[in-house]
>>> print(open('final-v3.tsv').read())   # TSV, C-alpha atoms
chain	number	residue	atom	x	y	z
A	1	MET	CA	139.31	178.90	-13.18
A	2	THR	CA	135.89	178.97	-14.82
A	3	GLN	CA	134.12	175.63	-15.23
A	4	ILE	CA	133.58	175.31	-18.98
A	5	LYS	CA	131.99	171.98	-19.92
A	6	ASN	CA	131.22	172.24	-23.64
A	7	ILE	CA	132.86	174.53	-26.21
A	8	GLY	CA	131.13	175.32	-29.49
A	9	LEU	CA	133.66	175.66	-32.32
A	10	PHE	CA	133.14	177.26	-35.73
A	11	THR	CA	134.85	178.99	-38.65
A	12	SER	CA	133.33	181.99	-40.38
A	13	GLY	CA	134.00	184.42	-43.22
A	14	GLY	CA	136.65	183.72	-45.83
A	15	ASP	CA	138.59	180.48	-45.43
A	16	SER	CA	142.32	180.58	-44.83
A	17	PRO	CA	145.08	177.95	-44.74
A	18	GLY	CA	145.66	176.83	-41.16
A	19	MET	CA	142.03	176.90	-40.05
A	20	ASN	CA	142.04	173.11	-39.84
A	21	ALA	CA	145.17	173.21	-37.71
A	22	ALA	CA	143.40	175.63	-35.38
A	23	ILE	CA	140.31	173.40	-35.23
A	24	ARG	CA	142.51	170.43	-34.36
A	25	ALA	CA	144.30	172.38	-31.62
A	26	VAL	CA	141.06	173.56	-30.00
A	27	VAL	CA	139.51	170.09	-30.03
A	28	ARG	CA	142.54	168.24	-28.70
A	29	SER	CA	143.43	170.78	-26.04
A	30	ALA	CA	139.81	170.85	-24.84
A	31	ILE	CA	139.82	167.04	-24.57
A	32	TYR	CA	143.14	167.24	-22.72
A	33	TYR	CA	141.47	169.48	-20.13
A	34	GLY	CA	138.34	167.33	-19.89
A	35	ILE	CA	136.08	169.66	-21.90
A	36	ASN	CA	133.63	168.56	-24.60
A	37	VAL	CA	133.64	170.18	-28.04
A	38	THR	CA	130.68	170.65	-30.35
A	39	GLY	CA	131.43	171.49	-33.96
A	40	ILE	CA	129.25	174.04	-35.75
A	41	ARG	CA	129.16	173.75	-39.54
A	42	ARG	CA	128.98	176.85	-41.76
A	43	GLY	CA	129.56	179.44	-39.08
A	44	TYR	CA	126.74	181.58	-37.78
A	45	GLU	CA	124.38	180.19	-40.40
A	46	GLY	CA	124.90	176.66	-39.07
A	47	MET	CA	124.45	177.94	-35.53
A	48	ILE	CA	121.04	179.30	-36.50
A	49	LYS	CA	120.00	176.18	-38.39
A	50	GLY	CA	121.22	173.77	-35.71
A	51	ASP	CA	123.94	172.12	-37.80
A	52	LEU	CA	125.94	170.99	-34.78
A	53	PHE	CA	127.74	167.73	-33.97
A	54	PRO	CA	130.01	166.35	-31.22
A	55	MET	CA	133.75	166.28	-31.96
A	56	ASP	CA	136.43	163.93	-30.63
A	57	ARG	CA	140.05	163.07	-31.37
A	58	LYS	CA	139.12	161.20	-34.55
A	59	SER	CA	137.13	164.17	-35.81
A	60	VAL	CA	140.36	166.10	-36.30
A	61	ALA	CA	142.68	163.28	-37.36
A	62	ASN	CA	144.73	163.96	-40.50
A	63	ILE	CA	143.52	167.54	-41.02
A	64	LEU	CA	146.58	169.46	-39.82
A	65	GLN	CA	148.04	169.65	-43.34
A	66	ARG	CA	144.79	170.37	-45.18
A	67	GLY	CA	143.77	173.77	-46.51
A	68	GLY	CA	140.27	175.18	-46.20
A	69	THR	CA	138.09	174.32	-43.20
A	70	MET	CA	136.49	171.00	-42.37
A	71	LEU	CA	133.74	172.88	-40.51
A	72	LYS	CA	132.84	174.77	-43.68
A	73	THR	CA	132.17	178.48	-43.67
A	74	ALA	CA	129.41	180.82	-44.74
A	75	ARG	CA	128.16	184.35	-44.29
A	76	SER	CA	124.86	184.95	-42.53
A	77	ASP	CA	122.77	188.08	-42.99
A	78	TYR	CA	120.13	186.66	-40.65
A	79	PHE	CA	122.64	186.54	-37.78
A	80	ARG	CA	122.86	190.33	-38.05
A	81	THR	CA	119.29	190.50	-36.75
A	82	PRO	CA	118.21	190.04	-33.11
A	83	GLU	CA	115.88	187.23	-34.23
A	84	GLY	CA	118.71	185.34	-35.90
A	85	ARG	CA	121.01	185.67	-32.90
A	86	ASN	CA	118.24	184.53	-30.58
A	87	GLU	CA	117.69	181.37	-32.67
A	88	ALA	CA	121.44	180.73	-32.58
A	89	HIS	CA	121.48	181.13	-28.79
A	90	GLU	CA	118.58	178.72	-28.38
A	91	ASN	CA	120.44	176.08	-30.39
A	92	LEU	CA	123.55	176.52	-28.25
A	93	LYS	CA	121.49	176.03	-25.11
A	94	LYS	CA	119.81	172.98	-26.63
A	95	HIS	CA	123.26	171.40	-27.09
A	96	ASN	CA	124.47	172.50	-23.63
A	97	ILE	CA	127.19	174.70	-25.08
A	98	ASP	CA	128.49	177.22	-22.54
A	99	ALA	CA	131.31	178.92	-24.51
A	100	LEU	CA	132.39	179.56	-28.11
A	101	VAL	CA	135.64	179.64	-30.06
A	102	ALA	CA	135.26	181.60	-33.31
A	103	ILE	CA	137.89	181.32	-36.04
A	104	GLY	CA	137.69	184.12	-38.59
A	105	GLY	CA	138.34	187.77	-39.30
A	106	ASP	CA	136.85	191.20	-38.81
A	107	GLY	CA	133.22	190.32	-39.60
A	108	THR	CA	133.37	187.17	-37.50
A	109	PHE	CA	134.56	189.11	-34.46
A	110	ARG	CA	131.99	191.87	-34.89
A	111	GLY	CA	129.27	189.21	-34.76
A	112	ALA	CA	130.94	187.47	-31.83
A	113	ARG	CA	131.18	190.71	-29.88
A	114	VAL	CA	127.49	191.53	-30.30
A	115	PHE	CA	126.43	187.96	-29.50
A	116	GLY	CA	128.66	187.73	-26.44
A	117	GLU	CA	127.40	191.01	-25.01
A	118	GLU	CA	123.75	190.34	-25.87
A	119	PHE	CA	123.59	186.95	-24.13
A	120	ASP	CA	126.47	187.32	-21.66
A	121	PHE	CA	128.12	184.43	-23.47
A	122	PRO	CA	131.88	183.68	-23.34
A	123	VAL	CA	133.50	183.91	-26.78
A	124	ILE	CA	137.18	183.75	-27.71
A	125	GLY	CA	138.35	184.45	-31.25
A	126	LEU	CA	141.23	183.12	-33.34
A	127	PRO	CA	142.46	185.37	-36.19
A	128	GLY	CA	141.89	183.33	-39.35
A	129	THR	CA	142.29	185.51	-42.44
A	130	ILE	CA	144.86	185.77	-45.21
A	131	ASP	CA	144.74	189.60	-45.11
A	132	ASN	CA	146.70	190.02	-41.85
A	133	ASP	CA	144.61	193.12	-41.18
A	134	LEU	CA	143.63	192.63	-37.52
A	135	CYS	CA	145.07	194.54	-34.59
A	136	GLY	CA	146.34	192.41	-31.72
A	137	THR	CA	148.54	189.94	-33.57
A	138	ASP	CA	151.69	190.18	-35.67
A	139	PHE	CA	150.38	187.54	-38.07
A	140	THR	CA	146.97	186.05	-38.76
A	141	ILE	CA	146.41	182.37	-39.53
A	142	GLY	CA	146.74	181.90	-43.29
A	143	TYR	CA	148.75	185.01	-44.12
A	144	ASP	CA	152.12	183.28	-44.38
A	145	THR	CA	150.75	180.58	-46.69
A	146	ALA	CA	148.96	183.15	-48.85
A	147	ILE	CA	152.02	185.32	-49.41
A	148	ASN	CA	154.12	182.27	-50.25
A	149	THR	CA	151.46	181.22	-52.76
A	150	VAL	CA	151.64	184.69	-54.31
A	151	ILE	CA	155.43	184.60	-54.47
A	152	ASP	CA	155.40	181.22	-56.17
A	153	ALA	CA	152.94	182.54	-58.77
A	154	VAL	CA	154.80	185.81	-59.37
A	155	ASP	CA	158.13	184.02	-59.76
A	156	LYS	CA	156.55	182.00	-62.56
A	157	ILE	CA	155.01	185.11	-64.09
A	158	ARG	CA	158.47	186.72	-64.00
A	159	ASP	CA	159.84	183.84	-66.09
A	160	THR	CA	157.33	184.64	-68.83
A	161	ALA	CA	157.87	188.38	-68.44
A	162	GLU	CA	161.63	187.92	-68.88
A	163	SER	CA	161.18	185.67	-71.89
A	164	HIS	CA	158.90	188.12	-73.72
A	165	ASP	CA	160.13	191.50	-72.40
A	166	ARG	CA	156.73	192.12	-70.84
A	167	LEU	CA	155.28	194.32	-68.14
A	168	PHE	CA	152.90	192.42	-65.87
A	169	ILE	CA	150.31	193.94	-63.55
A	170	VAL	CA	149.60	191.37	-60.84
A	171	GLU	CA	146.49	191.86	-58.72
A	172	VAL	CA	146.33	190.18	-55.32
A	173	MET	CA	143.71	189.93	-52.58
A	174	GLY	CA	143.42	192.22	-49.61
A	175	ARG	CA	140.12	194.05	-50.03
A	176	ASP	CA	140.93	197.22	-48.02
A	177	SER	CA	144.36	195.98	-46.91
A	178	GLY	CA	147.56	196.12	-48.95
A	179	LEU	CA	149.73	193.95	-46.71
A	180	ILE	CA	149.75	191.00	-49.12
A	181	ALA	CA	150.68	193.24	-52.04
A	182	LEU	CA	153.33	195.12	-50.05
A	183	ARG	CA	155.21	192.15	-48.64
A	184	THR	CA	155.02	190.05	-51.81
A	185	GLY	CA	155.92	193.03	-53.95
A	186	ILE	CA	159.15	193.46	-52.03
A	187	ALA	CA	159.89	189.73	-52.14
A	188	ALA	CA	159.15	189.52	-55.88
A	189	GLY	CA	161.22	192.59	-56.80
A	190	ALA	CA	158.27	194.61	-58.10
A	191	GLU	CA	158.98	197.94	-59.76
A	192	THR	CA	156.07	199.55	-57.94
A	193	ILE	CA	153.34	198.54	-55.50
A	194	LEU	CA	149.84	200.03	-55.35
A	195	ILE	CA	148.03	199.62	-52.02
A	196	PRO	CA	144.96	201.29	-50.44
A	197	GLU	CA	146.92	202.59	-47.43
A	198	THR	CA	148.77	205.05	-49.65
A	199	LYS	CA	147.36	207.36	-52.30
A	200	THR	CA	147.39	205.73	-55.71
A	201	ASP	CA	149.16	208.11	-58.06
A	202	LEU	CA	149.33	206.68	-61.55
A	203	GLN	CA	151.48	209.61	-62.63
A	204	SER	CA	154.21	208.38	-60.27
A	205	VAL	CA	153.88	204.94	-61.88
A	206	TYR	CA	154.30	206.52	-65.31
A	207	ASP	CA	157.35	208.44	-64.07
A	208	LYS	CA	158.94	205.25	-62.77
A	209	LEU	CA	158.32	203.45	-66.03
A	210	GLU	CA	159.82	206.35	-68.00
A	211	SER	CA	162.86	206.75	-65.78
A	212	GLY	CA	163.44	203.07	-65.12
A	213	ARG	CA	166.20	200.99	-66.60
A	214	LYS	CA	165.64	200.59	-70.32
A	215	ASP	CA	167.67	197.39	-70.37
A	216	LYS	CA	165.44	195.61	-67.87
A	217	SER	CA	163.59	192.91	-69.76
A	218	SER	CA	160.71	192.43	-67.33
A	219	LYS	CA	158.67	194.66	-65.06
A	220	ILE	CA	156.17	193.76	-62.34
A	221	ILE	CA	153.55	196.03	-60.80
A	222	MET	CA	151.85	194.62	-57.69
A	223	LEU	CA	148.31	195.81	-57.06
A	224	ALA	CA	145.96	195.25	-54.11
A	225	GLU	CA	142.38	194.64	-55.23
A	226	ASN	CA	139.70	197.35	-55.01
A	227	GLY	CA	142.18	200.21	-55.34
A	228	GLU	CA	141.01	203.76	-55.99
A	229	ALA	CA	142.59	203.81	-59.45
A	230	GLY	CA	140.56	200.81	-60.58
A	231	ASP	CA	141.26	197.14	-61.03
A	232	ALA	CA	144.25	195.62	-62.77
A	233	PHE	CA	142.55	195.63	-66.17
A	234	GLU	CA	141.69	199.35	-65.95
A	235	ILE	CA	145.22	200.25	-64.87
A	236	GLY	CA	146.59	198.00	-67.60
A	237	ARG	CA	144.44	199.80	-70.18
A	238	GLN	CA	145.76	203.19	-69.07
A	239	ILE	CA	149.37	202.04	-69.12
A	240	LYS	CA	148.92	200.60	-72.62
A	241	GLU	CA	147.57	203.94	-73.82
A	242	ARG	CA	150.49	205.81	-72.24
A	243	PHE	CA	153.17	203.30	-73.20
A	244	PRO	CA	152.10	201.53	-76.42
A	245	ASN	CA	155.65	200.19	-76.80
A	246	TYR	CA	155.28	198.06	-73.67
A	247	ASP	CA	153.89	194.56	-74.04
A	248	THR	CA	151.57	194.92	-71.04
A	249	ARG	CA	149.69	191.98	-69.53
A	250	VAL	CA	147.41	191.52	-66.52
A	251	SER	CA	147.25	188.59	-64.10
A	252	VAL	CA	144.62	188.42	-61.33
A	253	LEU	CA	145.61	185.70	-58.87
A	254	GLY	CA	142.21	185.57	-57.16
A	255	HIS	CA	141.15	182.75	-54.85
A	256	ILE	CA	144.25	180.66	-55.48
A	257	GLN	CA	145.68	182.71	-52.58
A	258	ARG	CA	143.24	181.18	-50.09
A	259	GLY	CA	143.91	177.55	-50.88
A	260	GLY	CA	146.70	175.05	-50.45
A	261	ARG	CA	148.49	173.27	-47.64
A	262	PRO	CA	149.28	175.65	-44.76
A	263	SER	CA	152.92	176.51	-44.25
A	264	CYS	CA	154.86	175.35	-41.20
A	265	MET	CA	154.53	178.85	-39.72
A	266	ASP	CA	150.75	178.83	-40.10
A	267	ARG	CA	150.43	175.34	-38.63
A	268	VAL	CA	152.47	176.27	-35.56
A	269	LEU	CA	150.71	179.63	-35.16
A	270	ALA	CA	147.27	177.98	-35.40
A	271	SER	CA	148.29	175.29	-32.92
A	272	ARG	CA	149.57	177.79	-30.36
A	273	LEU	CA	146.53	180.03	-30.64
A	274	GLY	CA	144.11	177.08	-30.49
A	275	VAL	CA	145.53	175.84	-27.20
A	276	ALA	CA	145.60	179.40	-25.84
A	277	ALA	CA	141.92	179.90	-26.76
A	278	VAL	CA	140.82	176.94	-24.64
A	279	GLU	CA	143.00	178.02	-21.74
A	280	ALA	CA	141.61	181.56	-22.03
A	281	LEU	CA	138.04	180.30	-21.63
A	282	MET	CA	139.10	178.17	-18.66
A	283	ALA	CA	140.63	181.29	-17.09
A	284	GLY	CA	137.36	183.19	-17.46
A	285	ARG	CA	138.35	185.40	-20.38
A	286	ARG	CA	135.67	186.41	-22.87
A	287	ASN	CA	135.04	188.66	-25.88
A	288	GLU	CA	138.73	188.67	-26.80
A	289	MET	CA	140.90	187.59	-29.71
A	290	VAL	CA	143.98	185.51	-29.03
A	291	GLY	CA	147.02	186.75	-30.91
A	292	LEU	CA	150.80	186.55	-31.05
A	293	ILE	CA	152.94	189.67	-30.62
A	294	HIS	CA	156.73	189.42	-30.40
A	295	ASN	CA	156.24	185.65	-30.06
A	296	ASP	CA	154.12	186.05	-26.91
A	297	ILE	CA	150.44	185.12	-26.53
A	298	VAL	CA	148.30	188.24	-26.06
A	299	TYR	CA	144.58	188.95	-25.71
A	300	THR	CA	142.83	191.84	-27.44
A	301	PRO	CA	139.18	192.85	-26.89
A	302	PHE	CA	137.09	192.31	-30.03
A	303	GLU	CA	136.32	196.03	-30.35
A	304	HIS	CA	140.03	196.76	-30.70
A	305	ALA	CA	141.00	193.70	-32.73
A	306	THR	CA	138.51	194.52	-35.48
A	307	LYS	CA	139.97	197.91	-36.23
A	308	HIS	CA	141.79	197.79	-39.55
A	309	ILE	CA	145.52	198.45	-39.50
A	310	ALA	CA	145.56	201.66	-41.54
A	311	GLU	CA	149.22	202.57	-41.11
A	312	ILE	CA	151.94	200.87	-43.09
A	313	ASN	CA	155.48	200.71	-41.74
A	314	PRO	CA	157.27	203.49	-43.70
A	315	ASP	CA	160.42	201.37	-43.79
A	316	PHE	CA	158.66	198.94	-46.14
A	317	LEU	CA	157.69	201.76	-48.51
A	318	LYS	CA	161.26	203.07	-48.46
A	319	ILE	CA	162.60	199.60	-49.26
A	320	VAL	CA	160.31	199.42	-52.31
A	321	GLU	CA	161.66	202.78	-53.54
A	322	ILE	CA	165.30	201.87	-52.99
A	323	LEU	CA	165.22	198.40	-54.49
A	324	ALA	CA	163.20	199.32	-57.58
A	325	ILE	CA	166.07	201.21	-59.22
>>> encode(input="final-v3.tsv", output="structure tokens")
Amino acid sequence: MTQIKNIGLFTSGGDSPGMNAAIRAVVRSAIYYGINVTGIRRGYEGMIKGDLFPMDRKSVANILQRGGTMLKTARSDYFRTPEGRNEAHENLKKHNIDALVAIGGDGTFRGARVFGEEFDFPVIGLPGTIDNDLCGTDFTIGYDTAINTVIDAVDKIRDTAESHDRLFIVEVMGRDSGLIALRTGIAAGAETILIPETKTDLQSVYDKLESGRKDKSSKIIMLAENGEAGDAFEIGRQIKERFPNYDTRVSVLGHIQRGGRPSCMDRVLASRLGVAAVEALMAGRRNEMVGLIHNDIVYTPFEHATKHIAEINPDFLKIVEILAI
């Protein structure tokens, strides 16, 4: 067992529901094992600026159910430079921090990997992102809450679509990942789903709209943001030109997907991974992300965890095709 005395804890990148539960788990499990915890506000930027403070049990009281992150988050271009990372390292030494737990996504882990290798510094990562696009875990912290938020919104949109015989194009987050759109599209009964992992063919969308049931009073198209065919408004414009008889509307859900109370699944996932992160540092592990695969705790090196999941389970795509009739 490695003697870790003081863990620096921070969140970075986009916030996700369950980050506070992960913070709580890291702090309380560290205290359980006799380890101090120093909170770092606003991620790498706070590390550079010295925005650090000691954390105890009270620091994380009554945060389990809260969305967002009590440690705040920010992006830091300066941390990408050797000078910025050196200033961050000096601040960690000043506060006697000898290990880090980083909660975030792809960009967070890329920074953690470079920092850990550059200064031979132990870092363990927790996957906190609504996109669920990291290798090394079945689910990321925040994904379950985000897709349930989307489903709640789309169910309400469907009510209006049914009432007015409308076609709705619903755009969800995901950047270069379509996992939110895919899973919620199936759950919401979407007629078609457009995601970056598969070629966007608007002609196939037109064909489905032409051959679809004429008696169906509402239609939903789920779209992952930043698709090759354009955003929801551009696709909506093209569909209106092709099908002027359709009452076509666009709804971009945006940052509502990141907020809200974390689901039970996200709270439990964050709690398990938080405890595992502290135990990993105690066991001498470093430069790895803690994840959950087939309900077992696993560790994945940062260089592998940050690779985007580019392949979509073909069974999901087949389900979309079958159930859209």
>>> residues_around(input="final-v3.tsv", residues="Thr137 in chain A", least_positions_apart="4", cutoff="6 Å", atoms="only C-alpha atoms", output="VMD selection string")
chain A and resid 291 to 293
>>> write_last_selection(input="final-v3.tsv", atoms="C-alpha atoms", output="PDB file, in the frame of the given file")
ATOM      1  CA  GLY A 291     147.020 186.750 -30.910  1.00  0.00           C
ATOM      2  CA  LEU A 292     150.800 186.550 -31.050  1.00  0.00           C
ATOM      3  CA  ILE A 293     152.940 189.670 -30.620  1.00  0.00           C
TER       4      ILE A 293
END
>>> closest_atom_pairs(input="final-v3.tsv", of="range 169-240 of chain A", to="range 151-161 of chain A", cutoff="9 Å", atoms="only C-alpha atoms", output="CSV")
residue,atom,partner,partner_atom,distance
A:Val170,CA,A:Val154,CA,7.8
A:Thr184,CA,A:Ile151,CA,6.1
A:Gly185,CA,A:Ile151,CA,8.5
A:Ala187,CA,A:Ile151,CA,7.2
A:Ala188,CA,A:Ile151,CA,6.3
A:Ser217,CA,A:Ala161,CA,7.4
A:Ser218,CA,A:Ala161,CA,5.1
A:Lys219,CA,A:Ala161,CA,7.2
A:Ile220,CA,A:Arg158,CA,7.6
>>> residues_near_point(input="final-v3.tsv", point="(141.9, 170.4, -45.0)", cutoff="9 Å", atoms="only C-alpha atoms", output="list in words")
Pro17, Gly18, Met19, Asn20, Ala21, Asn62, Ile63, Leu64, Gln65, Arg66, Gly67, Gly68, Thr69, Met70, Gly260 and Arg261 of chain A
>>> residues_around(input="final-v3.tsv", residues="range 32-35 of chain A", least_positions_apart="3", cutoff="6 Å", atoms="all atoms listed in the file", output="list in words")
Lys5, Asn6 and Ser29 of chain A
>>> closest_residue(input="final-v3.tsv", among="A:Ala112, A:Cys135, A:Val320, A:Ala22", to="Arg272 in chain A", atoms="all atoms listed in the file")
A:Ala22
>>> atom_distance(input="final-v3.tsv", atom1="CA of Val268 in chain A", atom2="CA of Met282 in chain A")
21.6 Å
>>> residues_near_point(input="final-v3.tsv", point="(120.4, 187.9, -35.2)", cutoff="12 Å", atoms="only C-alpha atoms", output="MDAnalysis selection string")
chainID A and resid 44:45 47:48 76:90 111:112 114:115 118:119
>>> residues_around(input="final-v3.tsv", residues="Asp56 in chain A", least_positions_apart="4", cutoff="12 Å", atoms="all atoms listed in the file", output="PyMOL selection string")
chain A and resi 23-32+34-39+60-61
>>> atom_distance(input="final-v3.tsv", atom1="CA of Gly46 in chain A", atom2="CA of Thr300 in chain A")
26.2 Å
>>> atom_distance(input="final-v3.tsv", atom1="CA of Leu126 in chain A", atom2="CA of Leu179 in chain A")
19.2 Å
>>> closest_residue(input="final-v3.tsv", among="A:Met173, A:Leu273, A:Gly104, A:Pro244", to="Thr149 in chain A", atoms="only C-alpha atoms")
A:Met173
>>> closest_residue(input="final-v3.tsv", among="A:Arg242, A:His255, A:Arg183, A:Arg166", to="Leu223 in chain A", atoms="all atoms listed in the file")
A:Arg183
>>> residues_around(input="final-v3.tsv", residues="range 192-208 of chain A", least_positions_apart="4", cutoff="9 Å", atoms="only C-alpha atoms", output="PyMOL selection string")
chain A and resi 175-179+181-182+185-186+212+220-229+235+239+242-243+310-312+317+320-321+324-325
>>> axis_aligned_box(input="final-v3.tsv", around="range 86-100 of chain A", padding_each_side="6 Å", output="lines of an AutoDock Vina configuration file")
center_x = 125.0
center_y = 178.0
center_z = -27.6
size_x = 26.7
size_y = 25.1
size_z = 22.1
>>> decode(input="final-v3.tsv", residues="range 140-153 of chain A", atoms="N, CA, C and O atoms", output="PDB file, in the first residue's frame")
ATOM      1  N   THR A 140     -21.043   6.440 -17.766  1.00  0.00           N
ATOM      2  CA  THR A 140     -20.344   7.554 -17.127  1.00  0.00           C
ATOM      3  C   THR A 140     -21.297   8.234 -16.145  1.00  0.00           C
ATOM      4  O   THR A 140     -22.525   8.140 -16.276  1.00  0.00           O
ATOM      5  N   ILE A 141     -20.717   8.932 -15.175  1.00  0.00           N
ATOM      6  CA  ILE A 141     -21.519   9.640 -14.180  1.00  0.00           C
ATOM      7  C   ILE A 141     -22.261  10.796 -14.860  1.00  0.00           C
ATOM      8  O   ILE A 141     -21.646  11.667 -15.455  1.00  0.00           O
ATOM      9  N   GLY A 142     -23.574  10.777 -14.775  1.00  0.00           N
ATOM     10  CA  GLY A 142     -24.385  11.826 -15.366  1.00  0.00           C
ATOM     11  C   GLY A 142     -25.185  11.384 -16.570  1.00  0.00           C
ATOM     12  O   GLY A 142     -26.186  12.008 -16.926  1.00  0.00           O
ATOM     13  N   TYR A 143     -24.768  10.297 -17.209  1.00  0.00           N
ATOM     14  CA  TYR A 143     -25.447   9.843 -18.427  1.00  0.00           C
ATOM     15  C   TYR A 143     -26.886   9.418 -18.152  1.00  0.00           C
ATOM     16  O   TYR A 143     -27.805   9.809 -18.868  1.00  0.00           O
ATOM     17  N   ASP A 144     -27.081   8.627 -17.111  1.00  0.00           N
ATOM     18  CA  ASP A 144     -28.425   8.139 -16.813  1.00  0.00           C
ATOM     19  C   ASP A 144     -29.384   9.291 -16.524  1.00  0.00           C
ATOM     20  O   ASP A 144     -30.515   9.303 -17.010  1.00  0.00           O
ATOM     21  N   THR A 145     -28.934  10.266 -15.745  1.00  0.00           N
ATOM     22  CA  THR A 145     -29.791  11.417 -15.445  1.00  0.00           C
ATOM     23  C   THR A 145     -30.104  12.202 -16.709  1.00  0.00           C
ATOM     24  O   THR A 145     -31.239  12.623 -16.931  1.00  0.00           O
ATOM     25  N   ALA A 146     -29.091  12.390 -17.554  1.00  0.00           N
ATOM     26  CA  ALA A 146     -29.275  13.168 -18.782  1.00  0.00           C
ATOM     27  C   ALA A 146     -30.291  12.520 -19.713  1.00  0.00           C
ATOM     28  O   ALA A 146     -31.171  13.205 -20.263  1.00  0.00           O
ATOM     29  N   ILE A 147     -30.206  11.198 -19.902  1.00  0.00           N
ATOM     30  CA  ILE A 147     -31.138  10.572 -20.827  1.00  0.00           C
ATOM     31  C   ILE A 147     -32.560  10.553 -20.257  1.00  0.00           C
ATOM     32  O   ILE A 147     -33.538  10.634 -21.010  1.00  0.00           O
ATOM     33  N   ASN A 148     -32.676  10.485 -18.939  1.00  0.00           N
ATOM     34  CA  ASN A 148     -34.011  10.568 -18.340  1.00  0.00           C
ATOM     35  C   ASN A 148     -34.590  11.977 -18.456  1.00  0.00           C
ATOM     36  O   ASN A 148     -35.803  12.154 -18.612  1.00  0.00           O
ATOM     37  N   THR A 149     -33.716  12.992 -18.392  1.00  0.00           N
ATOM     38  CA  THR A 149     -34.159  14.369 -18.617  1.00  0.00           C
ATOM     39  C   THR A 149     -34.661  14.534 -20.045  1.00  0.00           C
ATOM     40  O   THR A 149     -35.694  15.169 -20.289  1.00  0.00           O
ATOM     41  N   VAL A 150     -33.928  13.951 -20.997  1.00  0.00           N
ATOM     42  CA  VAL A 150     -34.337  14.022 -22.405  1.00  0.00           C
ATOM     43  C   VAL A 150     -35.681  13.327 -22.610  1.00  0.00           C
ATOM     44  O   VAL A 150     -36.578  13.866 -23.274  1.00  0.00           O
ATOM     45  N   ILE A 151     -35.821  12.151 -22.030  1.00  0.00           N
ATOM     46  CA  ILE A 151     -37.073  11.400 -22.198  1.00  0.00           C
ATOM     47  C   ILE A 151     -38.261  12.177 -21.637  1.00  0.00           C
ATOM     48  O   ILE A 151     -39.332  12.235 -22.240  1.00  0.00           O
ATOM     49  N   ASP A 152     -38.078  12.784 -20.489  1.00  0.00           N
ATOM     50  CA  ASP A 152     -39.150  13.577 -19.893  1.00  0.00           C
ATOM     51  C   ASP A 152     -39.548  14.715 -20.824  1.00  0.00           C
ATOM     52  O   ASP A 152     -40.736  14.987 -21.024  1.00  0.00           O
ATOM     53  N   ALA A 153     -38.549  15.367 -21.424  1.00  0.00           N
ATOM     54  CA  ALA A 153     -38.824  16.486 -22.334  1.00  0.00           C
ATOM     55  C   ALA A 153     -39.507  16.009 -23.612  1.00  0.00           C
ATOM     56  O   ALA A 153     -40.477  16.622 -24.079  1.00  0.00           O
TER      57      ALA A 153
END
